[in-house]
>>> print(open('target_28.cif').read())   # mmCIF, C-alpha atoms
data_entry
loop_
_atom_site.label_atom_id
_atom_site.label_comp_id
_atom_site.auth_asym_id
_atom_site.auth_seq_id
_atom_site.Cartn_x
_atom_site.Cartn_y
_atom_site.Cartn_z
CA MET O 29 36.34 -24.98 -28.13
CA LEU O 30 38.63 -22.49 -26.56
CA SER O 31 40.46 -23.52 -23.46
CA LEU O 32 42.03 -20.46 -21.92
CA LEU O 33 43.01 -21.72 -18.55
CA HIS O 34 43.48 -25.13 -17.18
CA PHE O 35 45.06 -25.40 -13.79
CA ASP O 36 45.08 -28.66 -11.95
CA VAL O 37 47.61 -28.02 -9.26
CA LEU O 38 45.70 -28.72 -6.09
CA PRO O 39 42.79 -31.09 -5.73
CA LEU O 40 40.68 -28.43 -4.06
CA ALA O 41 41.16 -25.65 -6.45
CA LYS O 42 40.65 -26.25 -10.10
CA LEU O 43 39.91 -23.77 -12.78
CA GLU O 44 38.67 -24.43 -16.24
CA VAL O 45 37.06 -22.16 -18.72
CA GLY O 46 35.82 -23.22 -22.09
CA ASN O 47 35.22 -26.84 -21.20
CA HIS O 48 31.60 -27.72 -21.63
CA PHE O 49 29.50 -30.68 -20.74
CA TYR O 50 28.12 -31.23 -24.20
CA TRP O 51 24.76 -32.74 -24.88
CA HIS O 52 23.97 -33.76 -28.42
CA LEU O 53 20.43 -33.39 -29.56
CA GLY O 54 19.87 -34.49 -33.12
CA GLY O 55 23.01 -32.87 -34.48
CA LEU O 56 22.70 -29.85 -32.19
CA GLN O 57 25.15 -29.16 -29.43
CA LEU O 58 23.94 -27.98 -26.05
CA HIS O 59 25.88 -26.85 -23.00
CA GLY O 60 24.52 -29.29 -20.50
CA GLN O 61 25.93 -27.62 -17.39
CA VAL O 62 24.14 -24.37 -18.25
CA PHE O 63 20.83 -26.16 -18.57
CA LEU O 64 21.29 -28.11 -15.35
CA THR O 65 21.83 -24.96 -13.32
CA SER O 66 19.19 -22.98 -15.20
CA TRP O 67 16.65 -25.71 -14.49
CA PHE O 68 17.58 -25.48 -10.86
CA VAL O 69 17.00 -21.69 -10.97
CA ILE O 70 13.73 -22.04 -12.88
CA GLY O 71 12.56 -24.75 -10.49
CA LEU O 72 13.44 -22.58 -7.50
CA LEU O 73 11.49 -19.62 -8.89
CA LEU O 74 8.47 -21.72 -9.82
CA ILE O 75 8.38 -23.60 -6.52
CA ALA O 76 8.72 -20.40 -4.50
CA SER O 77 5.97 -18.74 -6.56
CA VAL O 78 3.62 -21.69 -6.32
CA LEU O 79 4.18 -22.05 -2.57
CA ALA O 80 3.68 -18.33 -2.05
CA THR O 81 0.54 -18.01 -4.16
CA ARG O 82 -1.04 -21.36 -3.32
CA ASN O 83 -3.02 -20.03 -0.42
CA MET O 84 -3.18 -16.27 -0.72
CA GLN O 85 -4.28 -14.36 2.34
CA ARG O 86 -5.49 -10.83 2.65
CA VAL O 87 -2.95 -10.34 5.41
CA PRO O 88 0.25 -11.75 3.92
CA GLN O 89 2.44 -14.04 5.96
CA GLY O 90 5.76 -15.77 5.54
CA LEU O 91 6.60 -16.68 1.97
CA GLN O 92 3.66 -14.75 0.55
CA ASN O 93 4.98 -11.65 2.25
CA LEU O 94 8.46 -12.17 0.78
CA MET O 95 7.12 -12.80 -2.70
CA GLU O 96 4.86 -9.76 -2.49
CA TYR O 97 7.93 -7.72 -1.61
CA VAL O 98 9.74 -9.19 -4.60
CA PHE O 99 6.73 -8.46 -6.78
CA GLU O 100 6.60 -4.86 -5.66
CA PHE O 101 10.33 -4.49 -6.24
CA VAL O 102 10.18 -5.68 -9.86
CA ARG O 103 6.94 -3.77 -10.41
CA ASP O 104 8.71 -0.60 -9.32
CA ILE O 105 11.54 -1.29 -11.78
CA ALA O 106 9.06 -1.71 -14.63
CA ARG O 107 6.85 1.18 -13.55
CA ASN O 108 9.67 3.65 -13.02
CA GLN O 109 11.09 2.95 -16.46
CA ILE O 110 8.02 2.32 -18.60
CA GLY O 111 5.57 4.55 -16.79
CA GLU O 112 2.34 4.06 -14.92
CA LYS O 113 0.15 3.70 -18.02
CA GLU O 114 2.08 1.21 -20.09
CA TYR O 115 4.04 -0.93 -17.67
CA ARG O 116 1.37 -3.54 -16.96
CA PRO O 117 1.78 -5.83 -20.01
CA TRP O 118 5.59 -5.65 -19.76
CA LEU O 119 5.83 -6.44 -16.08
CA PRO O 120 6.09 -10.23 -16.51
CA PHE O 121 8.94 -9.91 -19.02
CA VAL O 122 10.96 -7.35 -17.06
CA GLY O 123 10.23 -9.07 -13.77
CA THR O 124 11.19 -12.49 -15.07
CA LEU O 125 14.40 -11.03 -16.49
CA PHE O 126 15.30 -9.63 -13.10
CA LEU O 127 14.33 -12.72 -11.14
CA PHE O 128 16.01 -15.19 -13.47
CA ILE O 129 19.25 -13.21 -13.70
CA PHE O 130 19.30 -12.42 -9.99
CA VAL O 131 18.69 -15.96 -8.83
CA SER O 132 21.15 -17.29 -11.41
CA ASN O 133 23.85 -14.87 -10.32
CA TRP O 134 23.37 -15.52 -6.65
CA SER O 135 23.17 -19.26 -7.12
CA GLY O 136 26.55 -19.01 -8.84
CA ALA O 137 27.95 -16.85 -6.04
CA LEU O 138 26.44 -18.67 -3.06
CA LEU O 139 26.03 -22.33 -3.96
CA PRO O 140 29.07 -24.57 -4.21
CA TRP O 141 28.20 -25.80 -7.67
CA HIS O 142 31.76 -26.90 -8.32
CA VAL O 143 31.52 -29.60 -5.69
CA ILE O 144 29.12 -31.56 -7.86
CA GLU O 145 31.13 -33.57 -10.32
CA ILE O 146 29.94 -33.76 -13.89
CA PRO O 147 31.79 -35.62 -16.65
CA GLU O 148 33.18 -32.54 -18.28
CA GLY O 149 33.30 -28.82 -17.51
CA GLU O 150 31.80 -27.62 -14.26
CA LEU O 151 28.54 -26.27 -12.98
CA ALA O 152 28.31 -22.49 -12.60
CA ALA O 153 25.84 -19.66 -12.86
CA PRO O 154 23.83 -19.92 -16.10
CA THR O 155 24.46 -16.21 -16.68
CA GLY O 156 28.20 -16.90 -16.89
CA ASP O 157 27.62 -18.50 -20.28
CA ILE O 158 27.56 -16.20 -23.29
CA ASN O 159 24.70 -18.17 -24.85
CA THR O 160 22.39 -17.36 -21.97
CA THR O 161 23.16 -13.66 -21.87
CA VAL O 162 22.91 -13.28 -25.65
CA ALA O 163 19.61 -15.14 -25.58
CA LEU O 164 18.26 -12.77 -22.94
CA ALA O 165 19.59 -9.70 -24.75
CA LEU O 166 18.10 -10.79 -28.09
CA LEU O 167 14.77 -11.41 -26.38
CA THR O 168 14.98 -7.89 -25.01
CA SER O 169 15.60 -6.55 -28.51
CA LEU O 170 12.65 -8.53 -29.83
CA ALA O 171 10.55 -7.24 -26.95
CA TYR O 172 11.24 -3.59 -27.65
CA PHE O 173 10.77 -3.97 -31.40
CA TYR O 174 7.49 -5.73 -30.70
CA ALA O 175 6.49 -2.97 -28.28
CA GLY O 176 7.30 -0.28 -30.85
CA PHE O 177 5.51 -1.95 -33.74
CA LYS O 178 2.49 -2.86 -31.69
CA LYS O 179 2.11 0.69 -30.42
CA ARG O 180 2.87 2.64 -33.56
CA GLY O 181 2.93 0.23 -36.48
CA LEU O 182 5.32 1.15 -39.23
CA GLY O 183 5.54 4.63 -37.78
CA TYR O 184 8.08 3.08 -35.46
CA PHE O 185 10.67 3.46 -38.23
CA ALA O 186 10.20 7.20 -38.08
CA LYS O 187 12.35 7.28 -34.98
CA TYR O 188 15.41 6.37 -37.07
CA ILE O 189 15.26 9.56 -39.08
CA GLU O 190 13.35 11.77 -36.80
CA PRO O 191 15.53 14.53 -35.51
CA THR O 192 17.57 14.39 -38.68
CA PRO O 193 18.35 11.62 -41.19
CA ILE O 194 22.04 12.27 -40.60
CA LEU O 195 21.80 10.24 -37.43
CA LEU O 196 20.34 7.25 -39.27
CA PRO O 197 23.56 5.18 -39.12
CA ILE O 198 23.87 5.83 -35.41
CA ALA O 199 20.24 4.95 -34.84
CA ILE O 200 20.68 1.67 -36.69
CA LEU O 201 23.93 0.98 -34.90
CA GLU O 202 22.09 1.47 -31.64
CA ASP O 203 19.90 -1.55 -32.29
CA PHE O 204 23.05 -3.64 -32.46
CA THR O 205 24.89 -2.09 -29.58
CA LYS O 206 21.96 -2.48 -27.21
CA PRO O 207 21.89 -6.30 -27.16
CA LEU O 208 25.65 -6.43 -27.46
CA SER O 209 26.25 -4.24 -24.43
CA LEU O 210 23.49 -5.93 -22.43
CA SER O 211 24.80 -9.42 -23.05
CA PHE O 212 28.50 -8.67 -22.66
CA ARG O 213 28.00 -6.61 -19.54
CA LEU O 214 26.21 -9.42 -17.77
CA PHE O 215 28.39 -12.20 -19.13
CA GLY O 216 31.62 -10.35 -18.41
CA ASN O 217 30.67 -9.40 -14.88
CA ILE O 218 29.56 -12.85 -13.85
CA LEU O 219 32.35 -14.77 -15.53
CA ALA O 220 34.98 -12.30 -14.34
CA ASP O 221 33.72 -12.56 -10.80
CA GLU O 222 33.85 -16.33 -10.95
CA LEU O 223 37.35 -16.26 -12.38
CA VAL O 224 38.65 -13.78 -9.81
CA VAL O 225 37.26 -15.86 -6.97
CA ALA O 226 38.63 -19.03 -8.51
CA VAL O 227 42.08 -17.56 -9.05
CA LEU O 228 42.19 -16.20 -5.50
CA VAL O 229 41.07 -19.55 -4.12
CA LEU O 230 43.80 -21.13 -6.16
CA LEU O 231 46.41 -18.82 -4.65
CA VAL O 232 45.14 -18.47 -1.07
CA PRO O 233 42.37 -20.91 -0.28
CA LEU O 234 41.32 -19.37 3.05
CA PHE O 235 39.71 -16.02 3.96
CA VAL O 236 41.41 -13.91 1.31
CA PRO O 237 38.76 -14.60 -1.37
CA LEU O 238 35.95 -13.64 1.03
CA PRO O 239 35.92 -9.87 0.33
CA VAL O 240 35.96 -10.57 -3.39
CA MET O 241 33.09 -13.01 -2.91
CA MET O 242 31.11 -10.34 -1.08
CA LEU O 243 31.85 -7.94 -3.90
CA GLY O 244 30.69 -10.66 -6.27
CA LEU O 245 27.36 -10.89 -4.49
CA PHE O 246 26.99 -7.16 -4.75
CA THR O 247 27.85 -6.95 -8.46
CA SER O 248 25.62 -9.94 -9.17
CA ALA O 249 22.63 -8.17 -7.69
CA ILE O 250 23.51 -4.91 -9.43
CA GLN O 251 23.88 -6.64 -12.78
CA ALA O 252 20.44 -8.19 -12.49
CA LEU O 253 19.01 -4.77 -11.63
CA VAL O 254 20.90 -3.11 -14.49
CA PHE O 255 19.77 -5.66 -17.04
CA ALA O 256 16.11 -5.45 -16.03
CA THR O 257 16.18 -1.66 -15.77
CA LEU O 258 17.81 -1.23 -19.18
CA ALA O 259 15.41 -3.68 -20.78
CA ALA O 260 12.49 -1.70 -19.34
CA ALA O 261 14.10 1.56 -20.46
CA TYR O 262 14.49 0.27 -24.04
CA ILE O 263 10.87 -0.84 -24.09
CA HIS O 264 9.85 2.55 -22.80
CA GLU O 265 11.90 4.26 -25.49
CA ALA O 266 10.25 2.18 -28.19
CA LEU O 267 6.80 2.93 -26.78
CA GLU O 268 7.39 6.65 -26.31
CA GLY O 269 9.13 7.02 -29.56
CA HIS O 270 11.50 9.67 -30.01
CA GLY O 271 11.15 13.27 -29.56
CA ASP O 272 12.43 13.34 -26.07
CA GLU O 273 15.87 12.80 -24.71
CA GLY O 274 17.29 9.37 -24.09
CA HIS O 275 18.10 8.70 -27.68
CA GLU O 276 21.84 8.87 -27.66
CA GLU O 277 22.48 8.07 -24.06
CA HIS O 278 21.85 4.37 -24.42
CA ALA O 279 24.18 3.94 -27.37
CA MET J 2 34.42 -19.09 -24.11
CA PHE J 3 32.52 -17.55 -27.02
CA ASP J 4 31.21 -20.73 -28.52
CA PHE J 5 27.68 -20.18 -29.64
CA ASP J 6 25.59 -23.20 -30.35
CA ALA J 7 22.06 -24.50 -29.91
CA THR J 8 22.21 -23.49 -26.25
CA LEU J 9 21.23 -19.97 -27.27
CA PRO J 10 17.84 -20.60 -28.94
CA VAL J 11 16.93 -23.32 -26.47
CA MET J 12 17.74 -20.99 -23.58
CA ALA J 13 15.66 -18.26 -25.20
CA LEU J 14 12.71 -20.64 -25.58
CA GLN J 15 13.16 -21.77 -22.02
CA PHE J 16 13.16 -18.18 -20.83
CA VAL J 17 10.01 -17.31 -22.76
CA LEU J 18 8.37 -20.37 -21.25
CA LEU J 19 9.51 -19.25 -17.80
CA THR J 20 8.02 -15.81 -18.44
CA PHE J 21 4.62 -17.31 -19.22
CA LEU J 22 4.78 -19.71 -16.29
CA LEU J 23 5.79 -16.99 -13.85
CA ASN J 24 3.08 -14.76 -15.25
CA ALA J 25 0.56 -17.48 -14.45
CA VAL J 26 1.83 -18.51 -11.02
CA PHE J 27 3.48 -15.34 -9.75
CA PHE J 28 2.63 -12.02 -11.39
CA LYS J 29 -1.08 -12.52 -11.99
CA PRO J 30 -2.09 -13.99 -8.61
CA ILE J 31 0.04 -11.56 -6.62
CA SER J 32 -1.12 -8.48 -8.48
CA LYS J 33 -4.69 -9.73 -8.12
CA THR J 34 -4.24 -10.16 -4.39
CA ILE J 35 -2.63 -6.75 -4.03
CA ASP J 36 -5.38 -5.09 -6.06
CA GLU J 37 -8.03 -6.87 -4.02
CA ARG J 38 -6.36 -5.77 -0.83
CA ASP J 39 -6.19 -2.19 -2.06
CA GLY J 40 -9.87 -2.33 -2.94
CA TYR J 41 -10.72 -3.81 0.44
CA ILE J 42 -8.78 -1.12 2.27
CA ARG J 43 -10.33 1.62 0.15
CA ASP J 44 -13.85 0.27 0.76
CA ASN J 45 -13.23 -0.06 4.48
CA LYS J 46 -11.85 3.44 4.67
CA ALA J 47 -14.84 4.82 2.79
CA SER J 48 -17.37 3.01 4.96
CA ALA J 49 -15.49 4.00 8.10
CA ALA J 50 -15.65 7.63 7.02
CA GLU J 51 -19.36 7.18 6.38
CA TYR J 52 -19.88 5.69 9.83
CA LEU J 53 -17.92 8.47 11.42
CA GLU J 54 -20.00 11.03 9.62
CA SER J 55 -23.29 9.44 10.66
CA ALA J 56 -22.02 9.05 14.23
CA GLU J 57 -21.16 12.72 14.32
CA LYS J 58 -24.57 13.59 12.92
CA LEU J 59 -26.24 11.43 15.56
CA ALA J 60 -24.18 13.00 18.32
CA LYS J 61 -25.15 16.45 17.10
CA GLN J 62 -28.79 15.42 16.96
CA TYR J 63 -28.66 14.03 20.48
CA GLU J 64 -27.05 17.19 21.75
CA GLN J 65 -29.76 19.20 20.08
CA GLU J 66 -32.42 17.02 21.67
CA LEU J 67 -30.74 17.25 25.04
CA ALA J 68 -30.67 21.04 24.85
CA ASP J 69 -34.31 21.08 23.78
CA SER J 70 -35.48 18.89 26.62
CA ARG J 71 -33.41 20.89 29.08
CA LYS J 72 -35.13 24.02 27.87
CA GLN J 73 -38.48 22.29 28.12
CA ALA J 74 -37.76 21.18 31.67
CA GLN J 75 -36.85 24.71 32.63
CA GLN J 76 -40.03 25.99 31.09
CA LEU J 77 -42.02 23.37 32.97
CA ILE J 78 -40.36 24.31 36.23
CA ALA J 79 -41.03 27.99 35.63
CA GLN J 80 -44.63 27.25 34.77
CA ALA J 81 -45.11 25.09 37.87
CA GLN J 82 -43.57 27.78 40.02
CA ALA J 83 -45.84 30.40 38.50
CA GLU J 84 -48.89 28.21 39.07
CA ALA J 85 -47.91 27.52 42.65
CA LYS J 86 -47.38 31.20 43.25
CA GLU J 87 -50.77 31.97 41.82
CA VAL J 88 -52.45 29.42 44.08
CA VAL J 89 -50.63 30.78 47.10
CA ASP J 90 -51.53 34.33 46.19
CA LYS J 91 -55.15 33.41 45.67
CA GLN J 92 -55.43 31.61 48.96
CA VAL J 93 -53.68 34.39 50.82
CA ALA J 94 -56.02 36.90 49.28
CA GLN J 95 -59.04 34.79 50.13
CA ALA J 96 -57.90 34.32 53.70
CA GLN J 97 -57.28 38.04 54.03
CA SER J 98 -60.72 38.86 52.67
CA GLU J 99 -62.34 36.36 55.02
CA ALA J 100 -60.53 37.83 57.95
CA GLN J 101 -61.63 41.27 56.85
CA GLN J 102 -65.21 40.16 56.61
CA GLN J 103 -65.16 38.57 60.03
CA ARG J 104 -63.62 41.64 61.51
CA GLU J 105 -66.26 43.83 59.90
CA GLN J 106 -69.02 41.61 61.14
CA VAL J 107 -67.65 41.67 64.65
CA GLN J 108 -67.38 45.42 64.41
CA ARG J 109 -70.94 45.64 63.29
CA GLU J 110 -72.17 43.52 66.15
CA LEU J 111 -70.19 45.61 68.55
CA ASP J 112 -71.65 48.79 67.13
CA GLN J 113 -75.15 47.41 67.39
CA GLN J 114 -74.75 46.37 71.00
CA LYS J 115 -73.23 49.74 71.78
CA SER J 116 -76.18 51.54 70.25
CA GLU J 117 -78.60 49.25 72.04
CA ALA J 118 -76.83 49.96 75.28
CA PHE J 119 -76.94 53.66 74.57
CA GLN J 120 -80.65 53.45 73.82
CA ALA J 121 -81.29 51.58 77.00
CA LEU J 122 -79.29 54.10 78.92
CA GLU J 123 -81.05 56.99 77.26
CA SER J 124 -84.48 55.73 78.29
CA LYS J 125 -83.22 55.30 81.80
CA VAL J 126 -81.67 58.83 81.79
CA ASP J 127 -85.09 60.42 81.82
CA VAL J 128 -86.25 58.36 84.80
CA LEU J 129 -83.07 58.90 86.66
CA SER J 130 -83.01 62.62 86.00
CA GLN J 131 -86.64 62.86 87.16
CA GLN J 132 -85.74 60.98 90.30
CA ILE J 133 -82.74 63.24 90.89
CA LEU J 134 -84.93 66.27 90.34
CA ASP J 135 -87.57 64.91 92.55
CA LYS J 136 -85.08 64.27 95.28
CA LEU J 137 -83.68 67.75 95.08
CA LEU J 138 -86.92 69.52 94.69
CA GLY J 139 -88.76 67.32 97.12
CA ALA J 140 -86.33 68.07 99.85
CA ARG J 141 -86.68 71.77 99.36
CA ALA J 142 -90.39 71.56 99.21
CA ALA J 143 -90.48 69.55 102.34
#
>>> encode(input="target_28.cif", output="structure tokens")
Amino acid sequence: MLSLLHFDVLPLAKLEVGNHFYWHLGGLQLHGQVFLTSWFVIGLLLIASVLATRNMQRVPQGLQNLMEYVFEFVRDIARNQIGEKEYRPWLPFVGTLFLFIFVSNWSGALLPWHVIEIPEGELAAPTGDINTTVALALLTSLAYFYAGFKKRGLGYFAKYIEPTPILLPIAILEDFTKPLSLSFRLFGNILADELVVAVLVLLVPLFVPLPVMMLGLFTSAIQALVFATLAAAYIHEALEGHGDEGHEEHA
Amino acid sequence: MFDFDATLPVMALQFVLLTFLLNAVFFKPISKTIDERDGYIRDNKASAAEYLESAEKLAKQYEQELADSRKQAQQLIAQAQAEAKEVVDKQVAQAQSEAQQQREQVQRELDQQKSEAFQALESKVDVLSQQILDKLLGARAA
């Protein structure tokens, strides 16, 4: 356990990173605070979906209208990246990525999680934990490998040597850099935003952190969009195969 | 900060589960509703276009019929006028011929009476001339 910062100067502003609320599950260690908030996020998404789709009308109203807007938004992300023909089976994955990350980020930015006392560590956005972001990034890698193999079988490997075998090391490296950059981008943005806000609150508790908080809301939304868009783009690349551009640019 | 542990696989499992759940309660029903709505709108548009087309056809047909019956009415009027004119002409001609006949008859009667009168006068002329002669001659002889 790495404890970078531990301020306990004022009762209202406290900052700790690296303290976790550990759960032990048959010799396994779990970060309890991450699961508590992620269950909240998952519950929110499921409840909103169930309420919106419980009684579907031809003319949408209220929550159904909102959720249809959300649906069209994530559908556009998937369709713009993957393309009209192939996006349908990947929509749930890309859409769930966006919704989960977005709601997680905004719950961390908007809800006063820190007020709720837990025995150790503190509640925060689930996406501020490296385990969550790496899990999502690895799932994305699995998803695009699955997409490639399902579409083209072993011919998928051809993309590693296709323009020229000289680029083979770079092509292989790409498969590692993709999840790495995805997970660290999200994790870094969310954690850094939380830390900046916390440090500013520590220094000046009133008003001054507000602009940074607004910026945090903005980056949170952008990060969700970026993660979902890149995941869809990787899937598209695996489906299309190589032969067109977009090979090096994601490295 | 970078402590990986069982949180990672459990979170991944949880996320996969969430994907399936959201697919069932969010993506599928909403895309179904949206598709149904698109189909409904498309059908309605198509049938509306059909109705419009048939309405236009009907309007054209009615206009055609209206023009036809207007033409027919005009023909009827013209025919009636022609018939009426014929009747009038006939009656006028008949009346004229009757008048002519009557006038001729009257003329004839007049002529006959005139000739009768002349005849009567002629027979009397002889007597009268004899009497005149007698008077003249008698006086001389006397």
>>> resolve_selection(input="target_28.cif", expression="the PyMOL selection byres ((chain J) within 9 of (chain O))", output="number ranges by chain")
J: 2-14, 16-17, 19-24, 26-32, 34-35, 37-38
>>> resolve_selection(input="target_28.cif", expression="the PyMOL selection byres ((chain O and resi 138) around 12)", output="PDB file with C-alpha atoms, keeping the file's coordinate frame")
ATOM      1  CA  PHE O 130      19.300 -12.420  -9.990  1.00  0.00           C
ATOM      2  CA  VAL O 131      18.690 -15.960  -8.830  1.00  0.00           C
ATOM      3  CA  SER O 132      21.150 -17.290 -11.410  1.00  0.00           C
ATOM      4  CA  ASN O 133      23.850 -14.870 -10.320  1.00  0.00           C
ATOM      5  CA  TRP O 134      23.370 -15.520  -6.650  1.00  0.00           C
ATOM      6  CA  SER O 135      23.170 -19.260  -7.120  1.00  0.00           C
ATOM      7  CA  GLY O 136      26.550 -19.010  -8.840  1.00  0.00           C
ATOM      8  CA  ALA O 137      27.950 -16.850  -6.040  1.00  0.00           C
ATOM      9  CA  LEU O 139      26.030 -22.330  -3.960  1.00  0.00           C
ATOM     10  CA  PRO O 140      29.070 -24.570  -4.210  1.00  0.00           C
ATOM     11  CA  TRP O 141      28.200 -25.800  -7.670  1.00  0.00           C
ATOM     12  CA  HIS O 142      31.760 -26.900  -8.320  1.00  0.00           C
ATOM     13  CA  ALA O 152      28.310 -22.490 -12.600  1.00  0.00           C
ATOM     14  CA  ALA O 153      25.840 -19.660 -12.860  1.00  0.00           C
ATOM     15  CA  GLU O 222      33.850 -16.330 -10.950  1.00  0.00           C
ATOM     16  CA  VAL O 225      37.260 -15.860  -6.970  1.00  0.00           C
ATOM     17  CA  LEU O 238      35.950 -13.640   1.030  1.00  0.00           C
ATOM     18  CA  MET O 241      33.090 -13.010  -2.910  1.00  0.00           C
ATOM     19  CA  MET O 242      31.110 -10.340  -1.080  1.00  0.00           C
ATOM     20  CA  GLY O 244      30.690 -10.660  -6.270  1.00  0.00           C
ATOM     21  CA  LEU O 245      27.360 -10.890  -4.490  1.00  0.00           C
ATOM     22  CA  PHE O 246      26.990  -7.160  -4.750  1.00  0.00           C
ATOM     23  CA  SER O 248      25.620  -9.940  -9.170  1.00  0.00           C
TER      24      SER O 248
END
>>> resolve_selection(input="target_28.cif", expression="the PyMOL selection byres ((chain O and resi 224) around 12)", output="ChimeraX atom specification")
/O:43,137,216-223,225-232,236-241,243-244
>>> decode(input="target_28.cif", residues="segment 46-52 of chain J", atoms="all heavy atoms", output="PDB file, in the first residue's frame")
ATOM      1  N   LYS J  46     -46.576   7.559 -43.613  1.00  0.00           N
ATOM      2  CA  LYS J  46     -46.209   8.450 -44.709  1.00  0.00           C
ATOM      3  C   LYS J  46     -46.639   7.834 -46.035  1.00  0.00           C
ATOM      4  O   LYS J  46     -47.204   8.501 -46.898  1.00  0.00           O
ATOM      5  CB  LYS J  46     -44.693   8.666 -44.712  1.00  0.00           C
ATOM      6  CG  LYS J  46     -44.276  10.057 -44.298  1.00  0.00           C
ATOM      7  CD  LYS J  46     -42.770  10.102 -44.351  1.00  0.00           C
ATOM      8  CE  LYS J  46     -42.251  11.488 -44.493  1.00  0.00           C
ATOM      9  NZ  LYS J  46     -40.794  11.491 -44.363  1.00  0.00           N
ATOM     10  N   ALA J  47     -46.351   6.528 -46.178  1.00  0.00           N
ATOM     11  CA  ALA J  47     -46.686   5.859 -47.433  1.00  0.00           C
ATOM     12  C   ALA J  47     -48.193   5.888 -47.665  1.00  0.00           C
ATOM     13  O   ALA J  47     -48.663   6.229 -48.756  1.00  0.00           O
ATOM     14  CB  ALA J  47     -46.178   4.420 -47.403  1.00  0.00           C
ATOM     15  N   SER J  48     -48.961   5.553 -46.598  1.00  0.00           N
ATOM     16  CA  SER J  48     -50.409   5.504 -46.813  1.00  0.00           C
ATOM     17  C   SER J  48     -50.962   6.908 -47.032  1.00  0.00           C
ATOM     18  O   SER J  48     -51.908   7.092 -47.813  1.00  0.00           O
ATOM     19  CB  SER J  48     -51.106   4.815 -45.638  1.00  0.00           C
ATOM     20  OG  SER J  48     -50.913   5.553 -44.466  1.00  0.00           O
ATOM     21  N   ALA J  49     -50.341   7.904 -46.381  1.00  0.00           N
ATOM     22  CA  ALA J  49     -50.798   9.277 -46.612  1.00  0.00           C
ATOM     23  C   ALA J  49     -50.564   9.678 -48.066  1.00  0.00           C
ATOM     24  O   ALA J  49     -51.420  10.295 -48.707  1.00  0.00           O
ATOM     25  CB  ALA J  49     -50.069  10.236 -45.668  1.00  0.00           C
ATOM     26  N   ALA J  50     -49.393   9.284 -48.582  1.00  0.00           N
ATOM     27  CA  ALA J  50     -49.099   9.606 -49.982  1.00  0.00           C
ATOM     28  C   ALA J  50     -50.117   8.917 -50.899  1.00  0.00           C
ATOM     29  O   ALA J  50     -50.587   9.516 -51.873  1.00  0.00           O
ATOM     30  CB  ALA J  50     -47.680   9.148 -50.332  1.00  0.00           C
ATOM     31  N   GLU J  51     -50.463   7.653 -50.529  1.00  0.00           N
ATOM     32  CA  GLU J  51     -51.442   6.928 -51.319  1.00  0.00           C
ATOM     33  C   GLU J  51     -52.792   7.655 -51.317  1.00  0.00           C
ATOM     34  O   GLU J  51     -53.415   7.848 -52.367  1.00  0.00           O
ATOM     35  CB  GLU J  51     -51.634   5.548 -50.700  1.00  0.00           C
ATOM     36  CG  GLU J  51     -51.614   4.417 -51.693  1.00  0.00           C
ATOM     37  CD  GLU J  51     -51.431   3.112 -50.945  1.00  0.00           C
ATOM     38  OE1 GLU J  51     -52.435   2.645 -50.377  1.00  0.00           O
ATOM     39  OE2 GLU J  51     -50.302   2.597 -50.897  1.00  0.00           O
ATOM     40  N   TYR J  52     -53.203   8.055 -50.090  1.00  0.00           N
ATOM     41  CA  TYR J  52     -54.476   8.768 -49.975  1.00  0.00           C
ATOM     42  C   TYR J  52     -54.468  10.043 -50.807  1.00  0.00           C
ATOM     43  O   TYR J  52     -55.430  10.358 -51.499  1.00  0.00           O
ATOM     44  CB  TYR J  52     -54.769   9.130 -48.512  1.00  0.00           C
ATOM     45  CG  TYR J  52     -55.263   7.969 -47.698  1.00  0.00           C
ATOM     46  CD1 TYR J  52     -54.835   7.783 -46.391  1.00  0.00           C
ATOM     47  CD2 TYR J  52     -56.166   7.058 -48.236  1.00  0.00           C
ATOM     48  CE1 TYR J  52     -55.274   6.716 -45.644  1.00  0.00           C
ATOM     49  CE2 TYR J  52     -56.614   5.985 -47.498  1.00  0.00           C
ATOM     50  CZ  TYR J  52     -56.167   5.813 -46.204  1.00  0.00           C
ATOM     51  OH  TYR J  52     -56.606   4.769 -45.475  1.00  0.00           O
TER      52      TYR J  52
END
